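Following: one structure in structure tokens, then a few remarks.
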Amino acid sequence: KDPILGFESPLQQQYQKACSVAMNISHWCKAKGLVELASVFSAYAEGQIIIIEDLLNRVSPLLCVEWFPRHSALAFGHLLRLLEKGPVEYQRVILLMLKALLQHTPMDAAQSPQVYAIVSQLVESTLCWEALSVLESLLQSYSSLP
């Protein structure tokens, strides 16, 4: 809160909304029997996880075990559409999500050219390190395929 005016900044409001959403996801996960996933989202909502990379590193393996590879094409497709056509302010987080997911599951070979085409456009932007790390994870996911 602003000490003088006594109201929350837009950034603080956004963080509070993220915590509320995380708590709702935690409740849903608990109701579905996804206890580990519920505890990670609850930890974020309670401020025990404050860095997005830490959250993604804890959530990604749990998501991959539960829903991939059955839903991976849908998930990667949605993230790529958001990256390409969604709000610019989402791009960094989407790149971080792609990287985290690729570290825990191989990508469908049919989608990899699309990933490369979309992510490589960001290599010459302010998101160059994030984009390069996604491309590196994509290559590493290929090396893990039998």
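All residue names refer to the structure tokens as shown: chains lettered A, B, ... in order, residues numbered from 1 in each chain, ligands numbered from 1 in order.
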
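By chain and then residue number, the residues within 7 Å of Phe41 (chain A) are Ala22, Met23, Ile25 and Ser26 of chain A, counting only C-alpha atoms and disregarding those fewer than 5 positions away in sequence.
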
Would you put the residues from that selection into a file with N, CA, C and O atoms, as an mmCIF file, in the first residue's frame?
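Output file result_19.cif is given in full below:
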data_model
loop_
_atom_site.group_PDB
_atom_site.id
_atom_site.type_symbol
_atom_site.label_atom_id
_atom_site.label_comp_id
_atom_site.auth_asym_id
_atom_site.auth_seq_id
_atom_site.Cartn_x
_atom_site.Cartn_y
_atom_site.Cartn_z
ATOM 1 N N ALA A 22 -4.528 -18.306 -7.659
ATOM 2 C CA ALA A 22 -3.741 -19.464 -7.226
ATOM 3 C C ALA A 22 -4.462 -20.245 -6.128
ATOM 4 O O ALA A 22 -4.454 -21.483 -6.124
ATOM 5 N N MET A 23 -5.101 -19.547 -5.213
ATOM 6 C CA MET A 23 -5.844 -20.228 -4.150
ATOM 7 C C MET A 23 -7.044 -20.971 -4.728
ATOM 8 O O MET A 23 -7.337 -22.099 -4.313
ATOM 9 N N ILE A 25 -7.232 -22.218 -7.762
ATOM 10 C CA ILE A 25 -6.662 -23.389 -8.435
ATOM 11 C C ILE A 25 -6.292 -24.452 -7.407
ATOM 12 O O ILE A 25 -6.526 -25.640 -7.615
ATOM 13 N N SER A 26 -5.746 -24.021 -6.291
ATOM 14 C CA SER A 26 -5.392 -24.952 -5.223
ATOM 15 C C SER A 26 -6.621 -25.714 -4.725
ATOM 16 O O SER A 26 -6.580 -26.939 -4.548
#

Worksheet item: Contacts of Leu37 (chain A) at 7 Å or less, counting only C-alpha atoms, minus same-chain residues fewer than 4 places along, as a ChimeraX atom specification?
Response: /A:29,41,59,62

Keeping all heavy atoms for every residue in the selection just given, could you write it to a file as an mmCIF file, in the first residue's frame?
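Generated output (part.cif):
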data_model
loop_
_atom_site.group_PDB
_atom_site.id
_atom_site.type_symbol
_atom_site.label_atom_id
_atom_site.label_comp_id
_atom_site.auth_asym_id
_atom_site.auth_seq_id
_atom_site.Cartn_x
_atom_site.Cartn_y
_atom_site.Cartn_z
ATOM 1 N N CYS A 29 -7.670 -28.219 -7.398
ATOM 2 C CA CYS A 29 -6.749 -29.358 -7.423
ATOM 3 C C CYS A 29 -7.018 -30.301 -6.252
ATOM 4 O O CYS A 29 -7.029 -31.522 -6.417
ATOM 5 C CB CYS A 29 -5.291 -28.878 -7.381
ATOM 6 S SG CYS A 29 -4.726 -28.090 -8.898
ATOM 7 N N PHE A 41 0.255 -24.470 -5.447
ATOM 8 C CA PHE A 41 -0.523 -23.258 -5.686
ATOM 9 C C PHE A 41 -0.891 -22.571 -4.366
ATOM 10 O O PHE A 41 -0.924 -21.340 -4.301
ATOM 11 C CB PHE A 41 -1.766 -23.563 -6.517
ATOM 12 C CG PHE A 41 -1.460 -23.711 -7.980
ATOM 13 C CD1 PHE A 41 -1.504 -24.955 -8.586
ATOM 14 C CD2 PHE A 41 -1.107 -22.620 -8.748
ATOM 15 C CE1 PHE A 41 -1.209 -25.107 -9.932
ATOM 16 C CE2 PHE A 41 -0.807 -22.747 -10.097
ATOM 17 C CZ PHE A 41 -0.860 -23.999 -10.691
ATOM 18 N N VAL A 59 5.610 -26.509 -10.457
ATOM 19 C CA VAL A 59 4.334 -26.903 -11.052
ATOM 20 C C VAL A 59 4.534 -27.791 -12.288
ATOM 21 O O VAL A 59 3.799 -28.764 -12.481
ATOM 22 C CB VAL A 59 3.496 -25.653 -11.416
ATOM 23 C CG1 VAL A 59 2.345 -25.995 -12.330
ATOM 24 C CG2 VAL A 59 2.980 -24.991 -10.150
ATOM 25 N N LEU A 62 4.715 -31.653 -12.094
ATOM 26 C CA LEU A 62 3.438 -32.197 -11.627
ATOM 27 C C LEU A 62 2.392 -32.162 -12.741
ATOM 28 O O LEU A 62 1.621 -33.119 -12.909
ATOM 29 C CB LEU A 62 2.950 -31.416 -10.402
ATOM 30 C CG LEU A 62 3.884 -31.443 -9.184
ATOM 31 C CD1 LEU A 62 3.396 -30.493 -8.109
ATOM 32 C CD2 LEU A 62 4.034 -32.856 -8.646
#

Discussion item. Using only C-alpha atoms, which protein or nucleic acid residues come within 12 Å of region 91-93 of chain A? Drop anything in the same chain fewer than 2 positions from it, and give the result as a ChimeraX atom specification.
Written reply: /A:51-53,55-56,79-89,95-100,118-119,121-122,125-134

Worksheet item: What residues in chain A get the DSSP label alpha helix (DSSP H)? Please answer as an NGL selection string.
Response: :A and (10-31 or 35-45 or 52-67 or 72-85 or 91-102 or 112-120 or 128-143)

Worksheet item: How far is it from CA of Ala73 (chain A) to CA of Ala110 (chain A), in Å with one decimal?
Response: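 CA of Ala73 (chain A) sits 9.2 Å away from CA of Ala110 (chain A).
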
Worksheet entry | Pick from A:Tyr15, A:Val65, A:Arg70, A:Gly77 nearest to Gly47 (chain A), counting only C-alpha atoms | A:Tyr15

Worksheet item: Restricting the calculation to only C-alpha atoms, which member of A:Ser120, A:Gly33, A:Tyr44, A:Asp54 is positioned closest to Ser20 (chain A)?
Response: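 Going through A:Ser120, A:Gly33, A:Tyr44, A:Asp54 one by one, the smallest distance to Ser20 (chain A) is for A:Tyr44.
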